[in-house]
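**Q** Sharing a structure below in structure tokens format, with a few things to ask.
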Amino acid sequence: MIDATGTRRADVAVRDGVIIEVAERLDESTQGLELDASGCVVAPGLVDLHTHLREPGREEAETVESGSRAAALGGYTAVVAMPNTEPAIDSAAVVRQVLELGTKAMVDVRVAGAITVGRAGTQLAPLGEMADLGVHLFTDDGAGVQDARLMRRALEYAGGLGVVLAQHCEDESLAAGGHMHEGEWSSRLGIPGIPAEAEELMVARDVALSRLTGAPVHFLHLSTAVSVDIVREAKAAGLSVTAEAAPHHFTLTHDSVSAYDTRFKVNPPLRTAVDVAAVKQGLADGTIDAIATDHAPHSQEAKEAPFDQAPPGMLGLETALALALTELELPVEQVLALLSWQPARIAGLQGQHGGPVAPGHAANLCVFDPEAQWTVDGNRMASRSRNTPFDGMALRGRVRHTVCRGEAVVIDGVAQR
Ligand code: DOR
């Protein structure tokens with residue numbers, strides 16, 4: 001058993017959604033369902049800060065139901081649904097709609113609200129009424145807030161409400177027209193590029209705005225070496241900043257685009273080997289607080305378009321844990337901190353998710369075999385979409401069971417509903 005308090009050998013008993021006992025050896029005569037965790041790690045359920053569930057509006061690509069099933073299979077017990085839906089999650093009414101859909105889901109579905117009305121970047125959304133419904137993170141993800149003055153006002157407002165703004169860092173004037181990382185491969189392939197600086201400029205700007213306002217900023221999907229350096233310096237200066245990185249940004253590089261395969265189109269784009277190494281270093285040294293999937297389902301039809309017309313995004317929920325265990329040279333304790341208790345804190349879910357595994361705490365647990373070998377098969381995923389770039393890849397580490405609010409939603413790798 002591994003949680004933020006340490007590692008030990010123990011059995012765990014759960015009743016009515018709550019952990020009731022944790023001990024070296026529990027009484028085997030106890031009635032009820034028994035889950036075999038031999039050879040496995042038992043940990044607090046994983047928490048994803050960055051999931052596109054596509055409801056309302058894009059149900060052909062994903063629904064709250066299908067996306068939450070994918071999450072449960074990936075070991076997650078909570079996900080934060082991004083607001084770039086149609087309509088955008090920019091009001092109490094749409095927040096209520098998604099939370100209502102979430103009540104039937106296999107994991108705890110939370111919502112991120114938009115910072116601006118319609119994510120259009122011009123007018124502040126009613127953050128207060130959304131915060132009243134428990135929304136803790138706000139972002140225009142899919143786009144960054146371009147106007148520095150508006151972002152300053154949003155930070156002042158959010159700081160007063162005790163909520164956190166999360167930024168998709170991309171300067172649109174620099175990124176415009178680009179479809180992959182600007183560099184050697186964009187030149188060779190003749191695909192217009194997005195320079196690393198399009199991200200770095202906004203990371204630097206928002207560090208400055210966090211300093212100016214005193215409000216916290218969470219940086220979404222950092223992808224460049226300079227971005228990681230800027231956040232490292234901001235933390236060293238004592239600013240209230242946190243950051244996440246997506247699995248594809250510590251595993252894949254821009255040369256993957258060489259066959260014009262749109263499964264490798266994502267925003268921010270896949271970068272260079274130097275950037276991948278820097279993201280890994282940021283995860284190792286605490287600069288980056290969380291691994292977040294940016295699970296972005298898109299229909300086969302949409303992804304079959306030519307590279308410059310296909311939407312960016314790739315699936316992530318069912319492969320994140322295994323990619324982290326396989327590709328990061330980090331102890332499993334640190335991988336779990338990045339996937340569970342640190343994101344739980346950023347999402348404001350501490351106490352409900354992210355452990356500890358102790359009596360009286362919510363029974364949100366993930367049980368996985370850290371040594372199990374498996375091969376990713378895009379056709380066998382629970383997501384409604386198939387756009388995984390990891391299809392056919394051999395990975396280590398597989399979820400055996402997921403327990404959400406005391407319910408065994410995944411048993412022996414099979415979703416129970
Ligand atoms: O690749 C991406 N896909 N990046 C984003 O910022 C948005 C996301 C989506 O919604 O498909």
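Going by the structure tokens order, chains are called A, B, ..., each with residues numbered from 1, while ligands are numbered from 1 in the order shown.
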Please report as CSV every residue of chain A lying within 6 Å of ligand 1, along with the nearest atom pair and their distance in Å (one decimal), using only C-alpha atoms and all ligand atoms.

**A**
residue,atom,partner,partner_atom_place_in_ligand_line,distance
A:Asp141,CA,ligand 1,6 (O),5.6
A:Gly142,CA,ligand 1,6 (O),3.4
A:Val266,CA,ligand 1,1 (O),3.7
A:Asn267,CA,ligand 1,1 (O),3.8
A:Ala296,CA,ligand 1,11 (O),4.6
A:Pro312,CA,ligand 1,1 (O),4.0
A:Gly313,CA,ligand 1,1 (O),3.3

**Q** Which polymer residues have any atom within 9 Å of an atom of Pro195 in chain A, counting only C-alpha atoms, with same-chain residues fewer than 5 positions away left out, as a PDB file with all heavy atoms, in the first residue's frame?

**A**
ATOM      1  N   LEU A 174       1.402  34.401 -32.391  1.00  0.00           N
ATOM      2  CA  LEU A 174       2.601  33.673 -32.822  1.00  0.00           C
ATOM      3  C   LEU A 174       2.279  32.282 -33.346  1.00  0.00           C
ATOM      4  O   LEU A 174       2.954  31.768 -34.230  1.00  0.00           O
ATOM      5  CB  LEU A 174       3.560  33.505 -31.626  1.00  0.00           C
ATOM      6  CG  LEU A 174       4.773  34.389 -31.511  1.00  0.00           C
ATOM      7  CD1 LEU A 174       5.670  33.874 -30.390  1.00  0.00           C
ATOM      8  CD2 LEU A 174       5.563  34.424 -32.815  1.00  0.00           C
ATOM      9  N   ALA A 175       1.251  31.670 -32.755  1.00  0.00           N
ATOM     10  CA  ALA A 175       0.933  30.273 -33.097  1.00  0.00           C
ATOM     11  C   ALA A 175       0.077  30.164 -34.354  1.00  0.00           C
ATOM     12  O   ALA A 175      -0.003  29.086 -34.963  1.00  0.00           O
ATOM     13  CB  ALA A 175       0.206  29.615 -31.923  1.00  0.00           C
ATOM     14  N   GLY A 178      -0.218  27.452 -37.399  1.00  0.00           N
ATOM     15  CA  GLY A 178       0.683  26.322 -37.162  1.00  0.00           C
ATOM     16  C   GLY A 178      -0.062  25.045 -36.818  1.00  0.00           C
ATOM     17  O   GLY A 178      -1.157  25.085 -36.249  1.00  0.00           O
ATOM     18  N   MET A 180       2.060  21.971 -36.053  1.00  0.00           N
ATOM     19  CA  MET A 180       2.987  21.107 -35.317  1.00  0.00           C
ATOM     20  C   MET A 180       4.096  21.997 -34.767  1.00  0.00           C
ATOM     21  O   MET A 180       4.103  23.200 -35.009  1.00  0.00           O
ATOM     22  CB  MET A 180       3.556  20.006 -36.215  1.00  0.00           C
ATOM     23  CG  MET A 180       4.491  20.504 -37.314  1.00  0.00           C
ATOM     24  SD  MET A 180       5.213  19.152 -38.285  1.00  0.00           S
ATOM     25  CE  MET A 180       6.271  18.334 -37.067  1.00  0.00           C
ATOM     26  N   HIS A 181       5.031  21.407 -34.016  1.00  0.00           N
ATOM     27  CA  HIS A 181       6.153  22.176 -33.485  1.00  0.00           C
ATOM     28  C   HIS A 181       6.987  22.775 -34.628  1.00  0.00           C
ATOM     29  O   HIS A 181       7.287  22.078 -35.601  1.00  0.00           O
ATOM     30  CB  HIS A 181       7.027  21.252 -32.627  1.00  0.00           C
ATOM     31  CG  HIS A 181       8.290  21.884 -32.154  1.00  0.00           C
ATOM     32  ND1 HIS A 181       8.307  22.911 -31.243  1.00  0.00           N
ATOM     33  CD2 HIS A 181       9.582  21.643 -32.489  1.00  0.00           C
ATOM     34  CE1 HIS A 181       9.560  23.270 -31.017  1.00  0.00           C
ATOM     35  NE2 HIS A 181      10.349  22.528 -31.760  1.00  0.00           N
ATOM     36  N   GLU A 182       7.338  24.038 -34.500  1.00  0.00           N
ATOM     37  CA  GLU A 182       8.175  24.671 -35.529  1.00  0.00           C
ATOM     38  C   GLU A 182       9.620  24.272 -35.310  1.00  0.00           C
ATOM     39  O   GLU A 182      10.201  24.549 -34.259  1.00  0.00           O
ATOM     40  CB  GLU A 182       8.046  26.199 -35.452  1.00  0.00           C
ATOM     41  CG  GLU A 182       8.878  26.913 -36.510  1.00  0.00           C
ATOM     42  CD  GLU A 182       8.660  28.416 -36.479  1.00  0.00           C
ATOM     43  OE1 GLU A 182       7.510  28.870 -36.556  1.00  0.00           O
ATOM     44  OE2 GLU A 182       9.664  29.140 -36.352  1.00  0.00           O
ATOM     45  N   GLY A 183      10.188  23.593 -36.296  1.00  0.00           N
ATOM     46  CA  GLY A 183      11.570  23.131 -36.177  1.00  0.00           C
ATOM     47  C   GLY A 183      11.935  22.314 -37.392  1.00  0.00           C
ATOM     48  O   GLY A 183      11.303  22.413 -38.453  1.00  0.00           O
TER      49      GLY A 183
END

**Q** With distances taken over only C-alpha atoms, which residue among A:Leu328, A:Leu283, A:Leu26, A:Ala302 lies nearest Ser385 in chain A?

**A**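 Nearest candidate to Ser385 in chain A out of A:Leu328, A:Leu283, A:Leu26, A:Ala302: A:Ala302.
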
**Q** Find the residues around Thr272 in chain A up to 7 Å (only C-alpha atoms counted), leave out those fewer than 4 positions away in its own chain, and share them as a PyMOL selection string.

**A** chain A and resi 253-254+276

**Q** For the selection you just gave me, I'd like the residues written to a file as a JSON list (two decimals), in the first residue's frame, keeping all heavy atoms.

**A**
[["chain", "number", "residue", "atom", "x", "y", "z"],
["A", 253, "THR", "N", 8.17, 12.68, -29.52],
["A", 253, "THR", "CA", 8.82, 13.87, -30.09],
["A", 253, "THR", "C", 8.24, 14.20, -31.48],
["A", 253, "THR", "O", 7.52, 13.39, -32.06],
["A", 253, "THR", "CB", 10.35, 13.65, -30.20],
["A", 253, "THR", "OG1", 10.56, 12.35, -30.75],
["A", 253, "THR", "CG2", 11.02, 13.75, -28.85],
["A", 254, "HIS", "N", 8.60, 15.37, -31.98],
["A", 254, "HIS", "CA", 7.97, 15.88, -33.21],
["A", 254, "HIS", "C", 8.20, 15.03, -34.45],
["A", 254, "HIS", "O", 7.42, 15.09, -35.40],
["A", 254, "HIS", "CB", 8.34, 17.35, -33.47],
["A", 254, "HIS", "CG", 9.81, 17.64, -33.57],
["A", 254, "HIS", "ND1", 10.29, 18.78, -34.17],
["A", 254, "HIS", "CD2", 10.90, 16.98, -33.12],
["A", 254, "HIS", "CE1", 11.62, 18.79, -34.09],
["A", 254, "HIS", "NE2", 11.99, 17.71, -33.45],
["A", 276, "VAL", "N", 11.52, 17.06, -24.23],
["A", 276, "VAL", "CA", 11.04, 15.86, -23.52],
["A", 276, "VAL", "C", 11.91, 15.63, -22.28],
["A", 276, "VAL", "O", 11.39, 15.38, -21.18],
["A", 276, "VAL", "CB", 11.04, 14.62, -24.45],
["A", 276, "VAL", "CG1", 10.87, 13.33, -23.65],
["A", 276, "VAL", "CG2", 9.94, 14.75, -25.50]]

**Q** Mind listing the strand (DSSP E) residues of range 130-340 of chain A, per DSSP on the backbone, as a PyMOL selection string?

**A** chain A and resi 137-138+164-167+180-181+193-194+217-219+241-245+290-291

**Q** Which value, in Å to one decimal, gives the distance between CA of Arg384 in chain A and CA of Pro83 in chain A?

**A** 18.7 Å

**Q** Using only C-alpha atoms, which of A:Ala23, A:Gly360, A:Asp289, A:Val145 sits nearest Ala120 in chain A?

**A** A:Val145

**Q** Need to verify the contact set: Asp36 in chain A, 9 Å, only C-alpha atoms, exclusion of same-chain residues closer than 6 positions in sequence. Can you return it as JSON, numbers by chain?

**A** {"A": [400, 401, 412]}

**Q** Write a file of the just-selected residues containing all heavy atoms, as a compact mmCIF listing (two decimals), in the first residue's frame.

**A**
# COMPACT_ATOMS: atom_id res chain seq x y z
N ARG A 400 -5.63 -3.26 -12.06
CA ARG A 400 -6.41 -4.47 -11.84
C ARG A 400 -7.81 -4.12 -11.32
O ARG A 400 -8.81 -4.59 -11.84
CB ARG A 400 -5.69 -5.40 -10.86
CG ARG A 400 -6.34 -6.77 -10.80
CD ARG A 400 -5.65 -7.72 -9.83
NE ARG A 400 -4.32 -8.12 -10.26
CZ ARG A 400 -3.52 -8.92 -9.55
NH1 ARG A 400 -3.93 -9.38 -8.37
NH2 ARG A 400 -2.33 -9.25 -9.98
N HIS A 401 -7.87 -3.28 -10.30
CA HIS A 401 -9.18 -2.89 -9.75
C HIS A 401 -9.21 -1.38 -9.51
O HIS A 401 -8.18 -0.78 -9.17
CB HIS A 401 -9.46 -3.53 -8.39
CG HIS A 401 -9.09 -4.97 -8.27
ND1 HIS A 401 -9.63 -5.97 -9.05
CD2 HIS A 401 -8.23 -5.60 -7.43
CE1 HIS A 401 -9.12 -7.14 -8.69
NE2 HIS A 401 -8.26 -6.94 -7.71
N ASP A 412 -10.55 -6.88 -11.89
CA ASP A 412 -9.69 -7.66 -12.80
C ASP A 412 -9.62 -7.04 -14.19
O ASP A 412 -9.69 -7.74 -15.22
CB ASP A 412 -10.18 -9.11 -12.89
CG ASP A 412 -9.90 -9.86 -11.59
OD1 ASP A 412 -8.86 -9.59 -10.95
OD2 ASP A 412 -10.75 -10.68 -11.19

**Q** For Asp108 in chain A, work out the shell of residues within 8 Å, counting only C-alpha atoms and skipping chain neighbours fewer than 6 positions away, then give it as a count of residues only.

**A** 5

**Q** Would you kindly return, as a tab-separated table (two decimals) with all heavy atoms, in the first residue's frame, each protein, DNA or RNA residue with an atom no farther than 9 Å from any atom of range 365-372 of chain A, considering only C-alpha atoms and excluding same-chain residues fewer than 2 positions away?

**A**
chain	number	residue	atom	x	y	z
A	37	ALA	N	-5.37	-8.52	-4.41
A	37	ALA	CA	-4.38	-7.50	-4.77
A	37	ALA	C	-2.97	-8.07	-4.71
A	37	ALA	O	-2.00	-7.34	-4.55
A	37	ALA	CB	-4.51	-6.29	-3.86
A	38	SER	N	-2.85	-9.40	-4.85
A	38	SER	CA	-1.51	-10.00	-4.75
A	38	SER	C	-0.61	-9.49	-5.88
A	38	SER	O	-1.04	-9.37	-7.03
A	38	SER	CB	-1.60	-11.52	-4.79
A	38	SER	OG	-2.35	-11.92	-5.91
A	39	GLY	N	0.60	-9.14	-5.54
A	39	GLY	CA	1.56	-8.62	-6.51
A	39	GLY	C	1.26	-7.19	-6.93
A	39	GLY	O	1.90	-6.66	-7.83
A	40	CYS	N	0.28	-6.59	-6.27
A	40	CYS	CA	-0.16	-5.25	-6.69
A	40	CYS	C	0.19	-4.16	-5.69
A	40	CYS	O	0.48	-4.43	-4.53
A	40	CYS	CB	-1.68	-5.23	-6.87
A	40	CYS	SG	-2.23	-6.02	-8.37
A	41	VAL	N	0.11	-2.94	-6.17
A	41	VAL	CA	0.17	-1.75	-5.31
A	41	VAL	C	-1.27	-1.28	-5.09
A	41	VAL	O	-2.05	-1.21	-6.05
A	41	VAL	CB	0.97	-0.62	-6.00
A	41	VAL	CG1	0.86	0.69	-5.22
A	41	VAL	CG2	2.43	-1.03	-6.16
A	42	VAL	N	-1.61	-1.00	-3.85
A	42	VAL	CA	-2.91	-0.38	-3.53
A	42	VAL	C	-2.61	1.09	-3.23
A	42	VAL	O	-1.75	1.39	-2.40
A	42	VAL	CB	-3.57	-1.05	-2.31
A	42	VAL	CG1	-4.90	-0.37	-1.99
A	42	VAL	CG2	-3.78	-2.54	-2.57
A	43	ALA	N	-3.32	1.98	-3.90
A	43	ALA	CA	-3.02	3.42	-3.75
A	43	ALA	C	-4.32	4.22	-3.80
A	43	ALA	O	-5.35	3.71	-4.24
A	43	ALA	CB	-2.10	3.86	-4.89
A	44	PRO	N	-4.26	5.46	-3.36
A	44	PRO	CA	-5.43	6.33	-3.57
A	44	PRO	C	-5.72	6.41	-5.07
A	44	PRO	O	-4.79	6.39	-5.88
A	44	PRO	CB	-4.96	7.69	-3.03
A	44	PRO	CG	-3.80	7.39	-2.14
A	44	PRO	CD	-3.14	6.16	-2.70
A	45	GLY	N	-6.98	6.50	-5.45
A	45	GLY	CA	-7.33	6.60	-6.87
A	45	GLY	C	-6.62	7.78	-7.52
A	45	GLY	O	-6.30	8.78	-6.87
A	46	LEU	N	-6.38	7.65	-8.83
A	46	LEU	CA	-5.71	8.73	-9.56
A	46	LEU	C	-6.70	9.87	-9.81
A	46	LEU	O	-7.91	9.67	-9.83
A	46	LEU	CB	-5.16	8.19	-10.88
A	46	LEU	CG	-4.35	6.88	-10.82
A	46	LEU	CD1	-3.78	6.55	-12.19
A	46	LEU	CD2	-3.25	6.94	-9.76
A	72	ALA	N	-11.98	5.14	-15.15
A	72	ALA	CA	-11.97	4.07	-14.15
A	72	ALA	C	-11.00	2.97	-14.56
A	72	ALA	O	-10.22	2.46	-13.74
A	72	ALA	CB	-13.38	3.51	-13.96
A	74	GLY	N	-8.42	3.31	-16.26
A	74	GLY	CA	-7.06	3.84	-16.13
A	74	GLY	C	-6.64	4.02	-14.68
A	74	GLY	O	-5.53	4.50	-14.42
A	75	GLY	N	-7.51	3.69	-13.74
A	75	GLY	CA	-7.15	3.81	-12.31
A	75	GLY	C	-7.59	5.11	-11.67
A	75	GLY	O	-7.29	5.38	-10.51
A	76	TYR	N	-8.32	5.93	-12.42
A	76	TYR	CA	-8.77	7.22	-11.89
A	76	TYR	C	-10.05	7.06	-11.07
A	76	TYR	O	-10.92	6.25	-11.40
A	76	TYR	CB	-9.04	8.22	-13.03
A	76	TYR	CG	-7.76	8.67	-13.70
A	76	TYR	CD1	-7.21	7.95	-14.76
A	76	TYR	CD2	-7.08	9.79	-13.24
A	76	TYR	CE1	-6.01	8.33	-15.34
A	76	TYR	CE2	-5.88	10.18	-13.82
A	76	TYR	CZ	-5.35	9.46	-14.87
A	76	TYR	OH	-4.16	9.84	-15.44
A	77	THR	N	-10.16	7.89	-10.04
A	77	THR	CA	-11.43	7.97	-9.30
A	77	THR	C	-12.01	9.38	-9.39
A	77	THR	O	-13.13	9.60	-8.94
A	77	THR	CB	-11.25	7.58	-7.82
A	77	THR	OG1	-10.21	8.37	-7.24
A	77	THR	CG2	-10.91	6.09	-7.69
A	322	ALA	N	0.51	3.64	-17.02
A	322	ALA	CA	1.51	2.73	-17.59
A	322	ALA	C	2.63	3.51	-18.27
A	322	ALA	O	3.80	3.13	-18.18
A	322	ALA	CB	0.85	1.76	-18.56
A	325	LEU	N	4.87	4.77	-15.54
A	325	LEU	CA	5.68	3.71	-14.94
A	325	LEU	C	6.75	3.20	-15.90
A	325	LEU	O	7.86	2.84	-15.50
A	325	LEU	CB	4.79	2.54	-14.50
A	325	LEU	CG	3.85	2.83	-13.31
A	325	LEU	CD1	2.82	1.70	-13.15
A	325	LEU	CD2	4.64	3.00	-12.01
A	332	VAL	N	7.92	4.37	-7.82
A	332	VAL	CA	6.47	4.31	-7.96
A	332	VAL	C	5.78	5.30	-7.00
A	332	VAL	O	4.74	5.88	-7.33
A	332	VAL	CB	5.96	2.85	-7.80
A	332	VAL	CG1	6.20	2.32	-6.42
A	332	VAL	CG2	4.51	2.72	-8.19
A	353	HIS	N	-10.15	12.78	-2.38
A	353	HIS	CA	-9.33	11.97	-3.29
A	353	HIS	C	-7.87	12.17	-2.93
A	353	HIS	O	-7.50	13.15	-2.28
A	353	HIS	CB	-9.59	12.38	-4.75
A	353	HIS	CG	-10.96	12.02	-5.21
A	353	HIS	ND1	-11.28	10.80	-5.75
A	353	HIS	CD2	-12.12	12.72	-5.16
A	353	HIS	CE1	-12.57	10.76	-6.03
A	353	HIS	NE2	-13.11	11.92	-5.69
A	354	GLY	N	-7.05	11.24	-3.39
A	354	GLY	CA	-5.61	11.38	-3.14
A	354	GLY	C	-5.19	10.88	-1.77
A	354	GLY	O	-4.08	11.15	-1.33
A	355	GLY	N	-6.06	10.17	-1.10
A	355	GLY	CA	-5.71	9.52	0.17
A	355	GLY	C	-5.77	10.44	1.36
A	355	GLY	O	-6.32	11.54	1.25
A	357	VAL	N	-4.82	6.39	2.62
A	357	VAL	CA	-5.58	5.15	2.76
A	357	VAL	C	-5.61	4.83	4.26
A	357	VAL	O	-4.70	4.21	4.80
A	357	VAL	CB	-4.94	4.00	1.95
A	357	VAL	CG1	-5.82	2.75	2.05
A	357	VAL	CG2	-4.77	4.40	0.49
A	362	ALA	N	-12.51	8.52	2.47
A	362	ALA	CA	-13.32	8.02	1.37
A	362	ALA	C	-12.61	6.85	0.68
A	362	ALA	O	-11.39	6.89	0.48
A	362	ALA	CB	-13.56	9.15	0.36
A	363	ALA	N	-13.41	5.83	0.31
A	363	ALA	CA	-12.83	4.64	-0.32
A	363	ALA	C	-12.68	4.86	-1.82
A	363	ALA	O	-13.44	4.34	-2.63
A	363	ALA	CB	-13.69	3.43	-0.02
A	374	TRP	N	1.70	-5.28	-21.05
A	374	TRP	CA	0.55	-5.33	-21.95
A	374	TRP	C	0.81	-4.47	-23.18
A	374	TRP	O	1.74	-3.65	-23.18
A	374	TRP	CB	-0.74	-4.91	-21.24
A	374	TRP	CG	-0.75	-3.49	-20.71
A	374	TRP	CD1	-0.02	-3.01	-19.66
A	374	TRP	CD2	-1.53	-2.39	-21.20
A	374	TRP	NE1	-0.30	-1.68	-19.47
A	374	TRP	CE2	-1.23	-1.27	-20.39
A	374	TRP	CE3	-2.46	-2.24	-22.22
A	374	TRP	CZ2	-1.82	-0.01	-20.59
A	374	TRP	CZ3	-3.06	-1.00	-22.42
A	374	TRP	CH2	-2.73	0.10	-21.60
A	395	LEU	N	3.73	-1.71	-22.90
A	395	LEU	CA	3.87	-0.93	-21.67
A	395	LEU	C	3.92	-1.83	-20.45
A	395	LEU	O	3.51	-2.99	-20.50
A	395	LEU	CB	2.69	0.05	-21.52
A	395	LEU	CG	2.55	1.13	-22.59
A	395	LEU	CD1	1.32	1.99	-22.33
A	395	LEU	CD2	3.80	2.01	-22.64
A	396	ARG	N	4.40	-1.25	-19.35
A	396	ARG	CA	4.51	-1.97	-18.09
A	396	ARG	C	3.65	-1.27	-17.05
A	396	ARG	O	3.73	-0.05	-16.92
A	396	ARG	CB	5.97	-2.00	-17.65
A	396	ARG	CG	6.25	-2.77	-16.38
A	396	ARG	CD	7.76	-2.87	-16.14
A	396	ARG	NE	8.40	-1.55	-16.09
A	396	ARG	CZ	8.36	-0.74	-15.02
A	396	ARG	NH1	7.71	-1.10	-13.93
A	396	ARG	NH2	8.96	0.43	-15.04
A	397	GLY	N	2.85	-2.06	-16.32
A	397	GLY	CA	2.01	-1.50	-15.27
A	397	GLY	C	0.56	-1.48	-15.72
A	397	GLY	O	0.22	-0.81	-16.69
A	398	ARG	N	-0.30	-2.24	-15.02
A	398	ARG	CA	-1.68	-2.34	-15.48
A	398	ARG	C	-2.65	-2.29	-14.31
A	398	ARG	O	-2.42	-2.92	-13.26
A	398	ARG	CB	-1.87	-3.65	-16.23
A	398	ARG	CG	-3.21	-3.71	-16.89
A	398	ARG	CD	-3.14	-4.36	-18.24
A	398	ARG	NE	-4.10	-3.72	-19.13
A	398	ARG	CZ	-4.65	-4.31	-20.17
A	398	ARG	NH1	-4.32	-5.53	-20.47
A	398	ARG	NH2	-5.52	-3.66	-20.91
A	399	VAL	N	-3.73	-1.57	-14.48
A	399	VAL	CA	-4.74	-1.45	-13.43
A	399	VAL	C	-5.50	-2.77	-13.31
A	399	VAL	O	-5.94	-3.34	-14.30
A	399	VAL	CB	-5.72	-0.30	-13.75
A	399	VAL	CG1	-6.89	-0.28	-12.76
A	399	VAL	CG2	-4.99	1.04	-13.75
A	400	ARG	N	-5.63	-3.26	-12.06
A	400	ARG	CA	-6.41	-4.47	-11.84
A	400	ARG	C	-7.81	-4.12	-11.32
A	400	ARG	O	-8.81	-4.59	-11.84
A	400	ARG	CB	-5.69	-5.40	-10.86
A	400	ARG	CG	-6.34	-6.77	-10.80
A	400	ARG	CD	-5.65	-7.72	-9.83
A	400	ARG	NE	-4.32	-8.12	-10.26
A	400	ARG	CZ	-3.52	-8.92	-9.55
A	400	ARG	NH1	-3.93	-9.38	-8.37
A	400	ARG	NH2	-2.33	-9.25	-9.98
A	401	HIS	N	-7.87	-3.28	-10.30
A	401	HIS	CA	-9.18	-2.89	-9.75
A	401	HIS	C	-9.21	-1.38	-9.51
A	401	HIS	O	-8.18	-0.78	-9.17
A	401	HIS	CB	-9.46	-3.53	-8.39
A	401	HIS	CG	-9.09	-4.97	-8.27
A	401	HIS	ND1	-9.63	-5.97	-9.05
A	401	HIS	CD2	-8.23	-5.60	-7.43
A	401	HIS	CE1	-9.12	-7.14	-8.69
A	401	HIS	NE2	-8.26	-6.94	-7.71
A	402	THR	N	-10.41	-0.81	-9.63
A	402	THR	CA	-10.62	0.59	-9.21
A	402	THR	C	-11.85	0.62	-8.32
A	402	THR	O	-12.88	0.04	-8.66
A	402	THR	CB	-10.84	1.52	-10.42
A	402	THR	OG1	-9.73	1.36	-11.33
A	402	THR	CG2	-10.93	2.98	-9.99
A	403	VAL	N	-11.71	1.27	-7.19
A	403	VAL	CA	-12.82	1.39	-6.23
A	403	VAL	C	-13.14	2.87	-6.09
A	403	VAL	O	-12.28	3.66	-5.70
A	403	VAL	CB	-12.43	0.79	-4.86
A	403	VAL	CG1	-13.54	1.00	-3.83
A	403	VAL	CG2	-12.11	-0.70	-5.00
A	404	CYS	N	-14.39	3.23	-6.46
A	404	CYS	CA	-14.78	4.64	-6.36
A	404	CYS	C	-15.95	4.78	-5.41
A	404	CYS	O	-16.99	4.13	-5.61
A	404	CYS	CB	-15.12	5.19	-7.74
A	404	CYS	SG	-15.43	6.96	-7.71
A	405	ARG	N	-15.81	5.58	-4.41
A	405	ARG	CA	-16.82	5.77	-3.34
A	405	ARG	C	-17.26	4.41	-2.81
A	405	ARG	O	-18.44	4.17	-2.57
A	405	ARG	CB	-18.02	6.54	-3.84
A	405	ARG	CG	-17.72	7.90	-4.47
A	405	ARG	CD	-19.03	8.55	-4.90
A	405	ARG	NE	-18.84	9.58	-5.88
A	405	ARG	CZ	-19.03	9.41	-7.20
A	405	ARG	NH1	-19.40	8.24	-7.70
A	405	ARG	NH2	-18.86	10.42	-8.02
A	406	GLY	N	-16.33	3.49	-2.67
A	406	GLY	CA	-16.63	2.17	-2.10
A	406	GLY	C	-17.13	1.16	-3.10
A	406	GLY	O	-17.25	-0.02	-2.78

**Q** Which distance in Å separates CA of Val117 in chain A and CA of Pro56 in chain A, to one decimal?

**A**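 Value for the CA of Val117 in chain A-CA of Pro56 in chain A distance: 16.1 Å.
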
**Q** If we count only C-alpha atoms and set the cut-off at 10 Å, which residues sit around Ala277 in chain A, ignoring sequence neighbours fewer than 5 positions away in its own chain? Please answer as a PyMOL selection string.

**A** chain A and resi 224-225+249-251+272+282-283

**Q** Which is closer to Ala13 in chain A than all the others in A:Arg417, A:His361, A:Arg271, A:Arg345, using only C-alpha atoms?

**A**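 For Ala13 in chain A, the nearest of the candidates is A:His361.
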
**Q** Range 99-297 of chain A: which residues are alpha helix (DSSP H) by DSSP, as a PyMOL selection string?

**A** chain A and resi 99-102+127-131+148-161+172-175+184-189+196-213+225-236+273-285

**Q** Nearest residue to Ala273 in chain A out of A:Asn84, A:Asn379, A:Ser223, A:Thr293, using only C-alpha atoms?

**A**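 Checking each candidate against Ala273 in chain A, we get A:Ser223 as the closest.
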
**Q** Would you mind telling me which residue in A:Lys235, A:Arg119, A:His136, A:Arg152 lies nearest to Asp206 in chain A when using only C-alpha atoms?

**A**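 Once distances to Asp206 in chain A are computed over only C-alpha atoms, the minimum belongs to A:Arg152.
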
**Q** Quote the spacing between CA of His52 in chain A and CA of Asp294 in chain A in Å to one decimal place.

**A**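 Interatomic distance, CA of His52 in chain A to CA of Asp294 in chain A: 6.9 Å.
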